[in-house]
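Colleague: Submitted below is the structure of interest, expressed as structure tokens.
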Amino acid sequence: MFRKMRRIRQQLTEDQCIDLLKKEKRCVLSFNGDDGYPSGVPMNFYYDEGRGSIFLHGAKSGHRMDSVKKDNKVCFTIYNSGVKLNKDDWAYYVASVMVYGRLCLVDDRELANQKAIKLAEKYFPDRKEIDETMERYARHMQVFELRMEHMTGKLVHEK
């Protein structure tokens, strides 16, 4: 169902992909939008290694929610800022991961709150701020679980 990478020598291992999912902080979530146009939204995320899922959050209404209710197939993309492997080379080596799967609404409020807190721990400086934010916004927030069906990663030399 999913295509194999054409430039196989650049492919990352599953462990390297998971390492990036744990380390990186930003993603673009792409879904089928209005009138057949694709739509990509920059988001924060949390990778739950135990479940093998990615958790995200957003509003309970809007373009993304309407689109996902019609078709929950999505593409999730992350990439790092690159590293220089050779000090004499101007170009960076950039690693990226693409995940294809289905974005599901987390309707269990207790589970949603647990995953929202785990997501917040990745970004917020302290627990006090997490608790204050959860108190204010949790009831207005929708948590999503991206159930991964396919993952691939690639290391590219920008030169």
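Note on naming: chains are A, B, ... as they come in the structure tokens, residues start from 1 per chain, ligands start from 1 in the order shown.
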Neighbours of region 65-67 of chain A within 9 Å (only C-alpha atoms; same-chain residues fewer than 3 positions away dropped), as a list of chain:residue names?

Modeller: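 My reading of the contact set: A:Phe31, A:Asn32, A:Gly33, A:Asp34, A:Gly58, A:Ala59, A:Lys60, A:Ser61, A:Gly62, A:Lys70, A:Asp71, A:Asn72.
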
Colleague: Using only C-alpha atoms, determine which residues lie at most 8 Å from Ser96 (chain A), disregarding the query and same-chain residues fewer than 5 positions distant; provide the list as a list in words.

Modeller: Cys17, Leu20, Thr77, Ile78, Tyr79, Asn80, Gly153, Lys154 and Leu155 of chain A

Colleague: Taking the DSSP secondary structure from the backbone, can you list the residues of chain A that are helix (DSSP H, G or I), as a count of residues only?

Modeller: 53

Colleague: Quick one: pull the distance between CA of Lys159 (chain A) and CA of Val97 (chain A), Å, one decimal.

Modeller: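 It comes out at 19.4 Å.
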
Colleague: Excluding Asp131 (chain A) and any residue of its chain fewer than 5 positions from it, enumerate the residues within 12 Å of it, using only C-alpha atoms, and give them as a PyMOL selection string.

Modeller: chain A and resi 113-114+116-118+120-121+124-126+136-138

Colleague: Give me a file of those residues, with C-alpha atoms, as a CSV table (one decimal), in the first residue's frame.

Modeller:
```csv
chain,number,residue,atom,x,y,z
A,113,ASN,CA,-5.9,14.8,30.1
A,114,GLN,CA,-3.1,12.3,30.8
A,116,ALA,CA,-2.2,16.4,27.2
A,117,ILE,CA,-0.1,16.6,30.4
A,118,LYS,CA,2.6,14.4,28.8
A,120,ALA,CA,2.8,19.7,27.9
A,121,GLU,CA,5.7,18.3,29.9
A,124,PHE,CA,6.3,23.8,29.5
A,125,PRO,CA,9.0,24.9,31.9
A,126,ASP,CA,7.3,23.6,35.1
A,136,ARG,CA,-8.1,26.9,32.0
A,137,TYR,CA,-8.2,25.0,28.7
A,138,ALA,CA,-8.7,21.3,29.1
```

Colleague: From the options A:Lys122, A:Lys73, A:Leu12, A:Arg3, which residue's atoms come nearest to Leu29 (chain A), counting only C-alpha atoms?

Modeller: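 Of all the options, A:Lys73 lies closest to Leu29 (chain A).
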
Colleague: Show me a table, sorted first by chain and then by increasing residue number, of the residues of region 26-129 of chain A having an atom at most 8 Å from region 141-152 of chain A, each with its shortest atom pair and the distance in Å to one decimal, counting only C-alpha atoms and written as JSON lines.

Modeller:
```
{"residue": "A:Gly52", "atom": "CA", "partner": "A:Met148", "partner_atom": "CA", "distance": 7.2}
{"residue": "A:Ser53", "atom": "CA", "partner": "A:Arg147", "partner_atom": "CA", "distance": 5.3}
{"residue": "A:Ile54", "atom": "CA", "partner": "A:Leu146", "partner_atom": "CA", "distance": 5.0}
{"residue": "A:Phe55", "atom": "CA", "partner": "A:Glu145", "partner_atom": "CA", "distance": 4.7}
{"residue": "A:Leu56", "atom": "CA", "partner": "A:Phe144", "partner_atom": "CA", "distance": 5.2}
{"residue": "A:His57", "atom": "CA", "partner": "A:Val143", "partner_atom": "CA", "distance": 4.3}
{"residue": "A:Gly58", "atom": "CA", "partner": "A:Gln142", "partner_atom": "CA", "distance": 5.3}
{"residue": "A:Ala59", "atom": "CA", "partner": "A:Met141", "partner_atom": "CA", "distance": 5.3}
{"residue": "A:Lys60", "atom": "CA", "partner": "A:Gln142", "partner_atom": "CA", "distance": 5.1}
{"residue": "A:Val97", "atom": "CA", "partner": "A:Thr152", "partner_atom": "CA", "distance": 5.7}
{"residue": "A:Met98", "atom": "CA", "partner": "A:Thr152", "partner_atom": "CA", "distance": 5.5}
{"residue": "A:Val99", "atom": "CA", "partner": "A:Met151", "partner_atom": "CA", "distance": 4.4}
{"residue": "A:Tyr100", "atom": "CA", "partner": "A:His150", "partner_atom": "CA", "distance": 5.1}
{"residue": "A:Gly101", "atom": "CA", "partner": "A:Met148", "partner_atom": "CA", "distance": 4.5}
{"residue": "A:Arg102", "atom": "CA", "partner": "A:Arg147", "partner_atom": "CA", "distance": 5.3}
{"residue": "A:Leu103", "atom": "CA", "partner": "A:Leu146", "partner_atom": "CA", "distance": 4.4}
{"residue": "A:Cys104", "atom": "CA", "partner": "A:Glu145", "partner_atom": "CA", "distance": 5.2}
{"residue": "A:Leu105", "atom": "CA", "partner": "A:Phe144", "partner_atom": "CA", "distance": 4.8}
{"residue": "A:Val106", "atom": "CA", "partner": "A:Val143", "partner_atom": "CA", "distance": 5.5}
{"residue": "A:Asp107", "atom": "CA", "partner": "A:Val143", "partner_atom": "CA", "distance": 7.9}
{"residue": "A:Ala112", "atom": "CA", "partner": "A:Val143", "partner_atom": "CA", "distance": 5.6}
{"residue": "A:Lys115", "atom": "CA", "partner": "A:Val143", "partner_atom": "CA", "distance": 7.7}
{"residue": "A:Ala116", "atom": "CA", "partner": "A:Val143", "partner_atom": "CA", "distance": 6.9}
```

Colleague: Would you write out those residues with C-alpha atoms, as an mmCIF file, in the first residue's frame?

Modeller:
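Saved file selection_27.cif follows:
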```cif
data_model
loop_
_atom_site.group_PDB
_atom_site.id
_atom_site.type_symbol
_atom_site.label_atom_id
_atom_site.label_comp_id
_atom_site.auth_asym_id
_atom_site.auth_seq_id
_atom_site.Cartn_x
_atom_site.Cartn_y
_atom_site.Cartn_z
ATOM 1 C CA GLY A 52 3.416 3.412 19.368
ATOM 2 C CA SER A 53 1.202 6.457 18.786
ATOM 3 C CA ILE A 54 1.622 10.191 18.407
ATOM 4 C CA PHE A 55 -0.578 12.536 20.424
ATOM 5 C CA LEU A 56 -1.528 16.059 19.383
ATOM 6 C CA HIS A 57 -4.111 18.575 20.532
ATOM 7 C CA GLY A 58 -6.228 21.287 19.040
ATOM 8 C CA ALA A 59 -9.614 22.958 19.040
ATOM 9 C CA LYS A 60 -12.833 20.958 19.152
ATOM 10 C CA VAL A 97 10.461 11.313 9.336
ATOM 11 C CA MET A 98 7.088 10.881 7.679
ATOM 12 C CA VAL A 99 4.307 8.952 9.363
ATOM 13 C CA TYR A 100 1.096 7.907 7.652
ATOM 14 C CA GLY A 101 -1.862 6.828 9.700
ATOM 15 C CA ARG A 102 -5.277 7.620 11.035
ATOM 16 C CA LEU A 103 -6.021 10.510 13.342
ATOM 17 C CA CYS A 104 -8.518 9.445 16.002
ATOM 18 C CA LEU A 105 -10.331 11.590 18.528
ATOM 19 C CA VAL A 106 -9.527 10.733 22.132
ATOM 20 C CA ASP A 107 -12.974 10.873 23.721
ATOM 21 C CA ALA A 112 -7.065 12.834 26.992
ATOM 22 C CA LYS A 115 -1.819 12.619 27.189
ATOM 23 C CA ALA A 116 -2.240 16.415 27.194
#
```

Colleague: Please give the complete set of residues from chain A that DSSP, run on the backbone, assigns to strand (DSSP E or B), formatted as a PyMOL selection string.

Modeller: chain A and resi 11+26-32+38-44+46-48+53-59+73-79+83+93-106+141-157

Colleague: What is the distance, in Å and to one decimal place, between CA of Arg64 (chain A) and CA of Arg51 (chain A)?

Modeller: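 Those two atoms sit 23.5 Å apart.
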
Colleague: At what distance in Å, to one decimal, does CA of Phe45 (chain A) lie from CA of Lys25 (chain A)?

Modeller: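 Separation of CA of Lys25 (chain A) and CA of Phe45 (chain A): 6.8 Å.
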
Colleague: Using only C-alpha atoms, find the one residue out of A:Asp35, A:Asp48, A:Glu158, A:Glu110 that sits nearest to Asp89 (chain A).

Modeller: A:Glu158
